[in-house]
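These notes concern the structure reproduced below.
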Amino acid sequence: MSSTAAAGAIDHHHDSTTVTGIPNKKLLMWAFLASDCMFFGCLISTHLIYRLHPPPGTPNARDVFSIELTSFSTFILLMSSLMMALAVNSIQKGNLKSLRWSLLTTILFGLIFLGCQVYEFRNFVFEKHLTITNSILGTTFFTLTGTHGLHVLIGVIWLTIMLLYSFTGRLTEKDAIDVESMGLYWHFVDIVWIVIFTAVYLLEYI
Amino acid sequence: MFTTGMGTTATAAFALMTMAIAVPTGVKIFNWIGTLWNGHLTMRTPMIFAIGFLWMFMIGGLSGVMHSAAPSDAEQHGSYFIVAHFHYVLIGGSLFALFSGIHYWFPLMFGRKVSEFWGKTSFWFIFVGFNVTFFPMHFLGMEGMPRRTFTYDGDMGWNLGNLTATIGAFILAIGVAIYFVTMIYTFFKGEKTTKDPWDARTLEWSLPNPPPEYNFRVIPTVHARDGWWYEKRHMEEVQKEQAEHAKEDEAHGGIHMPYQSIYPFLASVGIFIGALGVAVIDPANTAQYPGFWGPKVAVTIVGGAIMFVSVLLWALEGNDGYHIHLNEDGTVKSEDHHAGH
């Protein structure tokens, strides 16, 4: 606020609300998530289409997948969304200590999910001999779940930066929208995983 | 798509989609005609380029919708007919409009007006050259000349069409050369112009040229569809209103400006290097590097890292910005660099 401004005057220049009534940071995130929806939509539908026309020699997905492990990592990812929601709640109340614990838990849960995925990928490639080039199932599966894993990794990096940033003292209640936008991304990645888990894994067991 | 042998369902789907795209395109053509309809048209260079665009794009659209008939498209496929069609869309449908726009907004960007004589001369060279080049290609395609052909038998019956197209290409090149030489000349030595040289109707022309760093002194209140036209006819009223708004803005801390940041540029340099790695470096040329690591992956990762670090530093910079305060005449009186809001 400038020195010439009257105390308590409304500052229109910092009102970042767009004509839609949604703050522009949030609108940006929604627009990005909409385009990401189409990205995942393509990869999921490709997997589902080729699943119906397996060329000879394609391994049976049920022999490859380990549903117990994936169910566990799915549960962990869902719980990380809960912690993310708590983190958003904390910053809205200006409670930095609670924010840090919630962010840290979200990061840990995200890392557990990634660890499970790395274990799963290694298991598939070296034990079950499913690689990205040796069958159409491998191509669609690794492209889809790998892209999702990359999203989780980017989310974990983002969360970590936000956690470190909270120690600089520049993160206040007013910046709640930054954490909220990050939360939107994290929940989106989580929801996409629910779709992938259903369409790729559970579908093989019915 | 119809000749790829994907089957009748896919052919039907692509035929329907090709027909469907004609609908929004047709709507746009009628939008533009509707904008001109009943208007008092002044035939200056941007307008004749715009009308040329309308006609040429329409021809491109008409030859485009012909592709939706799968049996006839099987004949047009991969022929010079396609070359004719997409050049009418590309040059007629975008270059004409771009040339119109560059000519029109040149005074606002650089404060100098492009010569009408040379603008119109370039238009006629481009218009005639373009049609002489690409119209005969419709017939060449129908006569079976495949695209991407650099030589052919002299008795194929394609000689006249190709000769015409070659002559047209030279006329087109002269036209484009005239256009750009005129633009470069104008940039350095063109006639200096005052504000609003076209007597325009839209708000960007209410700014002096070149526009000041803060663009509009107060956020304009739009009173009519043709905002600037209205303002010019209600000067006194609008000036009073703007003075009030300027006073309010000043009371709220002046005009808020963003910080000038190098990071968006660095981020785009990073993404450029990364994209070079992904798309341009041929993995076949780097076969001497066994395994995962090679120039392709390394360049991609370095570019990605530059982008990531730039975005991070950009984000940490914050969005506080600063405020500027103006004199009556619009020059900058002072700048406030207070941290925080």
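Here's how to read the names in the structure tokens: chain A, B, ... by the order shown, residue numbers from 1 in each chain, ligand numbers from 1 in the order shown.
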Kindly determine which residues of chain B lie within 12 Å of chain A, considering only C-alpha atoms, and give the answer as a count of residues only.
39
Go through range 203-325 of chain B and collect every residue that DSSP, computed from the backbone, puts in strand (DSSP E); the answer should be as number ranges by chain.
B: 255-257, 322-325
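Once range 74-78 of chain A and its same-chain neighbours fewer than 5 positions away are set aside, Leu69, Thr106, Phe109, Gly110, Ile112, Phe113, His187, Asp190, Ile191, Trp193, Ile194 and Phe197 of chain A remain within 9 Å of it when counting only C-alpha atoms.
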Store the residues of this selection in a file with C-alpha atoms, as a compact mmCIF listing (two decimals), in the first residue's frame.
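Done, and the output landed in part21.txt:
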```txt
# COMPACT_ATOMS: atom_id res chain seq x y z
CA LEU A 69 -0.16 -53.93 -3.15
CA THR A 106 0.93 -35.55 2.62
CA PHE A 109 2.06 -40.55 1.85
CA GLY A 110 2.88 -39.38 -1.67
CA ILE A 112 4.94 -44.17 -0.06
CA PHE A 113 2.68 -44.27 -3.12
CA HIS A 187 -7.00 -33.97 -5.24
CA ASP A 190 -5.93 -38.56 -6.51
CA ILE A 191 -9.27 -38.68 -8.37
CA TRP A 193 -5.90 -42.51 -9.68
CA ILE A 194 -9.32 -43.71 -8.53
CA PHE A 197 -7.40 -48.06 -10.31
```
Neighbouring residues of Phe2 in chain B were defined as those with any atom within 12 Å, considering only C-alpha atoms; residues of the same chain fewer than 3 positions away were excluded. Please report them as an NGL selection string.
:B and (5-16 or 18 or 67-78)
Contacts of Ala84 in chain B at 9 Å or less, counting only C-alpha atoms, minus same-chain residues fewer than 6 places along, as a PDB file with C-alpha atoms, in the first residue's frame?
```
ATOM      1  CA  GLY B  60     -10.642 -22.696 -49.179  1.00  0.00           C
ATOM      2  CA  SER B  63     -12.916 -26.956 -51.471  1.00  0.00           C
ATOM      3  CA  THR B 133      -0.368 -19.771 -58.296  1.00  0.00           C
ATOM      4  CA  PHE B 134      -2.898 -21.840 -56.452  1.00  0.00           C
ATOM      5  CA  PHE B 135      -6.110 -21.795 -58.490  1.00  0.00           C
ATOM      6  CA  PRO B 136      -4.686 -23.916 -61.353  1.00  0.00           C
ATOM      7  CA  MET B 137      -3.607 -26.490 -58.763  1.00  0.00           C
ATOM      8  CA  HIS B 138      -7.266 -27.467 -58.290  1.00  0.00           C
ATOM      9  CA  GLY B 141      -5.089 -32.256 -58.791  1.00  0.00           C
TER      10      GLY B 141
END
```
Test item: residues at most 10 Å from Met84 in chain A, only C-alpha atoms, excluding those fewer than 6 positions along its chain, as a ChimeraX atom specification:
/A:78,90,99,102-107,159,179-180,182-184,186-187
Determine, counting only C-alpha atoms, which protein, DNA and RNA residues have an atom within 9 Å of an atom of Pro59 in chain A; residues of the same chain fewer than 6 positions away are not included. Present the result as a list in words.
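Residues meeting the cut-off are Leu130, Ser135, Leu137 and Gly138 of chain A.
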Here CA of Val238 in chain B and CA of Thr221 in chain B stand apart by 8.8 Å
For the atom pair CA of Tyr263 in chain B and CA of Ile306 in chain B, what is the interatomic distance in Å to one decimal place?
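We find that CA of Tyr263 in chain B and CA of Ile306 in chain B lie 10.0 Å from each other.
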Using only C-alpha atoms for the distances, tell me which of B:Tyr104, B:Val65, B:Phe99, B:Ala50 is nearest to Ala200 in chain B.
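For Ala200 in chain B, the nearest of the given residues is B:Tyr104.
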